[in-house]
file upload.txt (compact mmCIF, C-alpha atoms and all ligand atoms)
# COMPACT_ATOMS: atom_id res chain seq x y z
CA MET Z 1 -50.19 -139.71 -101.71
CA LYS Z 2 -51.90 -137.37 -104.16
CA ILE Z 3 -53.57 -134.67 -102.08
CA VAL Z 4 -55.84 -131.80 -103.15
CA ILE Z 5 -55.93 -128.65 -101.00
CA THR Z 6 -58.61 -126.04 -101.65
CA GLY Z 7 -57.72 -122.58 -100.33
CA VAL Z 8 -54.02 -123.36 -100.81
CA ALA Z 9 -53.07 -119.66 -100.94
CA GLY Z 10 -54.60 -119.05 -97.52
CA PHE Z 11 -53.20 -119.35 -94.02
CA ILE Z 12 -53.98 -123.00 -93.23
CA GLY Z 13 -53.79 -124.33 -96.79
CA ALA Z 14 -50.34 -122.89 -97.51
CA ASN Z 15 -48.86 -124.12 -94.23
CA LEU Z 16 -50.33 -127.59 -94.65
CA ALA Z 17 -49.07 -127.74 -98.26
CA GLU Z 18 -45.54 -126.99 -97.09
CA ARG Z 19 -45.70 -129.80 -94.55
CA LEU Z 20 -47.18 -132.35 -96.98
CA LEU Z 21 -44.57 -131.54 -99.64
CA ARG Z 22 -41.84 -131.96 -97.04
CA ASP Z 23 -43.29 -135.39 -96.23
CA GLY Z 24 -43.04 -136.38 -99.91
CA HIS Z 25 -46.67 -136.08 -101.01
CA ARG Z 26 -47.91 -134.69 -104.33
CA VAL Z 27 -49.99 -131.56 -103.67
CA ILE Z 28 -52.59 -130.16 -106.07
CA GLY Z 29 -53.64 -126.68 -104.93
CA ILE Z 30 -56.83 -124.81 -105.81
CA ASP Z 31 -57.53 -121.16 -104.96
CA ASN Z 32 -59.19 -118.25 -106.76
CA LEU Z 33 -56.90 -115.77 -104.94
CA ALA Z 34 -59.91 -113.78 -103.67
CA TYR Z 35 -58.25 -113.51 -100.26
CA GLY Z 36 -55.06 -115.58 -100.43
CA LEU Z 37 -51.78 -114.60 -102.03
CA ARG Z 38 -49.96 -116.43 -104.79
CA SER Z 39 -46.70 -115.73 -102.91
CA ASN Z 40 -48.04 -117.83 -99.98
CA ILE Z 41 -48.14 -120.98 -102.12
CA PRO Z 42 -45.05 -123.10 -101.52
CA GLU Z 43 -42.87 -124.11 -104.44
CA GLY Z 44 -43.77 -127.61 -105.57
CA VAL Z 45 -47.55 -127.20 -105.32
CA GLU Z 46 -49.30 -127.86 -108.65
CA PHE Z 47 -51.40 -124.70 -108.51
CA HIS Z 48 -54.69 -124.08 -110.33
CA GLN Z 49 -56.30 -120.65 -110.04
CA LEU Z 50 -59.91 -121.77 -109.93
CA ASP Z 51 -63.13 -121.06 -108.07
CA ILE Z 52 -64.47 -123.97 -106.00
CA ARG Z 53 -67.94 -123.14 -107.35
CA GLY Z 54 -68.29 -125.06 -110.57
CA LYS Z 55 -67.16 -128.11 -112.46
CA GLU Z 56 -63.89 -126.74 -113.83
CA MET Z 57 -61.94 -128.18 -110.88
CA TYR Z 58 -63.63 -131.63 -110.92
CA PRO Z 59 -61.03 -133.42 -113.12
CA LEU Z 60 -58.26 -132.48 -110.66
CA PHE Z 61 -59.81 -134.78 -108.02
CA ALA Z 62 -59.49 -138.00 -110.05
CA GLY Z 63 -57.19 -140.51 -108.38
CA THR Z 64 -56.77 -138.31 -105.30
CA ASP Z 65 -56.18 -140.00 -101.93
CA ALA Z 66 -57.40 -137.13 -99.72
CA VAL Z 67 -58.85 -133.64 -99.98
CA PHE Z 68 -58.30 -130.84 -97.47
CA HIS Z 69 -61.06 -128.27 -97.97
CA PHE Z 70 -60.03 -124.81 -96.70
CA ALA Z 71 -61.33 -122.48 -99.43
CA ALA Z 72 -63.86 -120.18 -97.80
CA LYS Z 73 -65.04 -116.65 -97.28
CA ASN Z 74 -64.21 -116.37 -93.60
CA CYS Z 75 -63.77 -112.72 -92.71
CA ILE Z 76 -66.65 -112.30 -90.23
CA ALA Z 77 -67.35 -108.69 -91.29
CA ASP Z 78 -67.37 -109.57 -95.03
CA CYS Z 79 -69.66 -112.54 -94.38
CA GLN Z 80 -72.05 -110.34 -92.42
CA ALA Z 81 -72.01 -107.71 -95.19
CA ASP Z 82 -72.78 -110.16 -98.02
CA PRO Z 83 -74.67 -113.23 -96.76
CA VAL Z 84 -75.71 -114.31 -100.25
CA GLU Z 85 -72.16 -114.55 -101.59
CA THR Z 86 -71.01 -116.08 -98.30
CA ALA Z 87 -73.54 -118.90 -98.58
CA ASP Z 88 -72.70 -119.33 -102.26
CA ILE Z 89 -69.01 -119.90 -101.52
CA ASN Z 90 -69.17 -121.66 -98.15
CA VAL Z 91 -72.24 -123.83 -98.68
CA ARG Z 92 -72.66 -124.32 -102.44
CA GLY Z 93 -68.86 -124.33 -103.00
CA THR Z 94 -68.49 -127.03 -100.35
CA VAL Z 95 -71.14 -129.13 -102.10
CA ASP Z 96 -69.07 -128.77 -105.29
CA VAL Z 97 -65.97 -129.98 -103.42
CA PHE Z 98 -67.84 -133.01 -102.04
CA GLU Z 99 -69.29 -133.80 -105.46
CA ALA Z 100 -65.89 -133.50 -107.16
CA ALA Z 101 -64.51 -135.83 -104.48
CA ARG Z 102 -67.35 -138.33 -104.90
CA LEU Z 103 -66.95 -138.45 -108.67
CA GLY Z 104 -63.17 -138.68 -108.33
CA GLY Z 105 -63.43 -141.67 -105.97
CA VAL Z 106 -61.77 -139.80 -103.10
CA ARG Z 107 -62.08 -141.66 -99.79
CA LYS Z 108 -61.41 -138.78 -97.38
CA VAL Z 109 -62.36 -135.10 -97.30
CA ILE Z 110 -61.04 -133.16 -94.31
CA TYR Z 111 -62.68 -129.90 -93.37
CA ALA Z 112 -61.83 -127.25 -90.75
CA GLU Z 113 -64.83 -126.34 -88.65
CA SER Z 114 -64.79 -122.90 -87.05
CA SER Z 115 -64.79 -122.28 -83.31
CA ALA Z 116 -67.00 -119.27 -84.10
CA ILE Z 117 -70.01 -121.55 -83.50
CA TYR Z 118 -69.24 -120.92 -79.82
CA GLU Z 119 -68.93 -117.13 -80.17
CA GLY Z 120 -71.90 -116.50 -77.83
CA ALA Z 121 -71.07 -119.24 -75.33
CA LYS Z 122 -71.34 -118.28 -71.67
CA THR Z 123 -69.78 -121.36 -70.04
CA TYR Z 124 -66.01 -121.90 -69.80
CA PRO Z 125 -64.60 -124.37 -70.56
CA THR Z 126 -67.34 -124.62 -73.20
CA PRO Z 127 -68.93 -128.04 -73.76
CA GLU Z 128 -68.97 -129.03 -77.46
CA THR Z 129 -72.76 -129.17 -77.34
CA ASP Z 130 -73.02 -125.52 -76.22
CA GLU Z 131 -73.22 -124.06 -79.76
CA ALA Z 132 -74.08 -120.35 -79.80
CA PRO Z 133 -73.36 -118.74 -83.18
CA GLU Z 134 -74.22 -115.04 -83.32
CA SER Z 135 -73.06 -113.82 -86.75
CA PHE Z 136 -73.74 -115.15 -90.26
CA TYR Z 137 -70.27 -116.66 -90.74
CA PRO Z 138 -70.49 -119.60 -88.31
CA TYR Z 139 -73.88 -120.62 -89.66
CA ASN Z 140 -72.27 -121.08 -93.08
CA ASP Z 141 -68.78 -122.30 -92.25
CA THR Z 142 -69.58 -125.27 -90.04
N1 LIG C 201 -57.49 -119.55 -89.32
C1 LIG C 201 -58.09 -120.10 -88.27
O1 LIG C 201 -57.74 -119.89 -87.10
C2 LIG C 201 -59.23 -121.08 -88.49
C3 LIG C 201 -59.73 -121.75 -87.39
C4 LIG C 201 -60.76 -122.67 -87.58
C5 LIG C 201 -61.28 -122.90 -88.83
N2 LIG C 201 -60.80 -122.20 -89.88
C6 LIG C 201 -61.39 -122.48 -91.18
O2 LIG C 201 -60.41 -123.02 -92.06
C7 LIG C 201 -60.66 -122.56 -93.38
C8 LIG C 201 -59.40 -121.83 -93.90
O3 LIG C 201 -59.05 -120.79 -93.03
P1 LIG C 201 -57.81 -119.82 -93.33
O4 LIG C 201 -57.54 -119.09 -92.07
O5 LIG C 201 -56.72 -120.57 -94.00
O6 LIG C 201 -58.50 -118.79 -94.36
P2 LIG C 201 -57.83 -117.88 -95.51
O7 LIG C 201 -58.78 -116.76 -95.79
O8 LIG C 201 -56.42 -117.55 -95.15
O9 LIG C 201 -57.82 -118.88 -96.75
C9 LIG C 201 -58.98 -119.18 -97.48
C10 LIG C 201 -58.58 -119.25 -98.94
O10 LIG C 201 -59.74 -119.58 -99.71
C11 LIG C 201 -59.67 -118.87 -100.94
N3 LIG C 201 -61.00 -118.76 -101.51
C12 LIG C 201 -62.03 -117.99 -101.06
N4 LIG C 201 -63.11 -118.14 -101.85
C13 LIG C 201 -62.77 -119.05 -102.81
C14 LIG C 201 -63.46 -119.62 -103.91
N5 LIG C 201 -64.72 -119.29 -104.18
N6 LIG C 201 -62.79 -120.50 -104.70
C15 LIG C 201 -61.49 -120.83 -104.44
N7 LIG C 201 -60.80 -120.32 -103.42
C16 LIG C 201 -61.42 -119.44 -102.60
C17 LIG C 201 -59.07 -117.52 -100.57
O11 LIG C 201 -58.50 -116.86 -101.68
C18 LIG C 201 -58.04 -117.92 -99.50
O12 LIG C 201 -56.76 -118.13 -100.06
C19 LIG C 201 -61.90 -121.66 -93.31
O13 LIG C 201 -63.04 -122.45 -93.57
C20 LIG C 201 -61.91 -121.22 -91.85
O14 LIG C 201 -63.19 -120.90 -91.40
C21 LIG C 201 -59.79 -121.31 -89.74

call {"tool": "encode", "arguments": {"input": "upload.txt", "output": "structure tokens"}}
result
Amino acid sequence: MKIVITGVAGFIGANLAERLLRDGHRVIGIDNLAYGLRSNIPEGVEFHQLDIRGKEMYPLFAGTDAVFHFAAKNCIADCQADPVETADINVRGTVDVFEAARLGGVRKVIYAESSAIYEGAKTYPTPETDEAPESFYPYNDT
């Protein structure tokens, strides 16, 4: 399959890319390297240093079977310090990813929700309905 991974230079994106390449898939990777490292990106990924905010990446989604969306600002302290940029990347950037996928005819977009929505939970084990976000990050990354 042709698979797009956003945030391919980050922790989850780079590890998933390695696995998908090993399984014989074609992997297109997008990352602006704001947090991730180029050296994390496995050999074989077709890498594009791009921001998820904006139309520049849209053509890469054409003919793609699935998108894994992991590009995000997700350091809780950084998100708290700059809520405007956090929302711009995590909310508006995600809309760009969905729109690129829609225009590219992609049938599946997979997204990693954060367990931080339960950061204020008082019941253990925590029921899924017991959402208790306390910082700015989980409000924007879920
Ligand atoms: N790591 C975890 O345990 C965990 C658990 C649950 C959910 N998640 C979620 O999964 C996603 C990925 O997590 P991670 O741990 O791999 O994070 P990470 O910080 O390692 O990777 C995120 C990548 O996104 C890139 N990025 C940031 N802003 C960008 C932009 N505007 N355009 C393009 N690229 C951009 C960064 O450079 C980085 O390489 C996040 O949404 C995170 O909240 C992570």

call {"tool": "closest_atom_pairs", "arguments": {"input": "upload.txt", "of": "range 25-44 of chain Z", "to": "range 72-84 of chain Z", "cutoff": "10 Å", "atoms": "only C-alpha atoms", "output": "Markdown table"}}
result
| residue | atom | partner | partner_atom | distance |
| --- | --- | --- | --- | --- |
| Z:Asp31 | CA | Z:Ala72 | CA | 9.6 |
| Z:Ala34 | CA | Z:Lys73 | CA | 8.7 |
| Z:Tyr35 | CA | Z:Lys73 | CA | 8.1 |

call {"tool": "write_last_selection", "arguments": {"input": "upload.txt", "atoms": "C-alpha atoms", "output": "mmCIF file, in the coordinates of the input"}}
result
data_model
loop_
_atom_site.group_PDB
_atom_site.id
_atom_site.type_symbol
_atom_site.label_atom_id
_atom_site.label_comp_id
_atom_site.auth_asym_id
_atom_site.auth_seq_id
_atom_site.Cartn_x
_atom_site.Cartn_y
_atom_site.Cartn_z
ATOM 1 C CA ASP Z 31 -57.530 -121.160 -104.960
ATOM 2 C CA ALA Z 34 -59.910 -113.780 -103.670
ATOM 3 C CA TYR Z 35 -58.250 -113.510 -100.260
#

call {"tool": "residues_near_point", "arguments": {"input": "upload.txt", "point": "(-57.2, -117.2, -111.5)", "cutoff": "8 Å", "atoms": "all atoms listed in the file", "output": "PyMOL selection string"}}
result
chain Z and resi 31-33+48-51

call {"tool": "residues_near_ligand", "arguments": {"input": "upload.txt", "ligand": "ligand LIG 201 (chain C)", "cutoff": "9 Å", "atoms": "only C-alpha atoms and all ligand atoms", "output": "PyMOL selection string"}}
result
chain Z and resi 6-15+30-38+40+49-53+69-75+86+88-90+93+111-116+137-138+141-142

call {"tool": "closest_residue", "arguments": {"input": "upload.txt", "among": "Z:Arg26, Z:Thr126, Z:Gly105, Z:Gly54", "to": "Arg92 in chain Z", "atoms": "only C-alpha atoms"}}
result
Z:Gly54

call {"tool": "closest_residue", "arguments": {"input": "upload.txt", "among": "Z:Val109, Z:Leu21, Z:Met57, Z:Val67", "to": "Glu43 in chain Z", "atoms": "all atoms listed in the file"}}
result
Z:Leu21

call {"tool": "residues_near_point", "arguments": {"input": "upload.txt", "point": "(-55.6, -130.6, -103.5)", "cutoff": "7 Å", "atoms": "only C-alpha atoms", "output": "PyMOL selection string"}}
result
chain Z and resi 3-6+27-30+67-68

call {"tool": "residues_around", "arguments": {"input": "upload.txt", "residues": "Ala121 in chain Z", "least_positions_apart": "4", "cutoff": "10 Å", "atoms": "all atoms listed in the file", "output": "ChimeraX atom specification"}}
result
/Z:116-117,125-127,130-134

call {"tool": "closest_residue", "arguments": {"input": "upload.txt", "among": "Z:Thr129, Z:Glu119, Z:Asp65, Z:Arg19", "to": "Ala101 in chain Z", "atoms": "only C-alpha atoms"}}
result
Z:Asp65

call {"tool": "closest_residue", "arguments": {"input": "upload.txt", "among": "Z:Thr94, Z:Glu85, Z:Tyr124, Z:Ala100", "to": "Phe136 in chain Z", "atoms": "all atoms listed in the file"}}
result
Z:Glu85

call {"tool": "atom_distance", "arguments": {"input": "upload.txt", "atom1": "CA of Thr64 in chain Z", "atom2": "CA of Lys2 in chain Z"}}
result
5.1 Å

call {"tool": "atom_distance", "arguments": {"input": "upload.txt", "atom1": "CA of Ser135 in chain Z", "atom2": "CA of Gly120 in chain Z"}}
result
9.4 Å

call {"tool": "closest_residue", "arguments": {"input": "upload.txt", "among": "Z:Lys55, Z:Gly44, Z:Glu128, Z:Gly63", "to": "Lys108 in chain Z", "atoms": "all atoms listed in the file"}}
result
Z:Gly63

call {"tool": "atom_distance", "arguments": {"input": "upload.txt", "atom1": "CA of Phe47 in chain Z", "atom2": "CA of Ala62 in chain Z"}}
result
15.6 Å

call {"tool": "axis_aligned_box", "arguments": {"input": "upload.txt", "around": "range 39-43 of chain Z", "padding_each_side": "8 Å", "output": "AutoDock Vina command-line options"}}
result
--center_x -45.5 --center_y -119.9 --center_z -102.2 --size_x 21.3 --size_y 24.4 --size_z 20.5
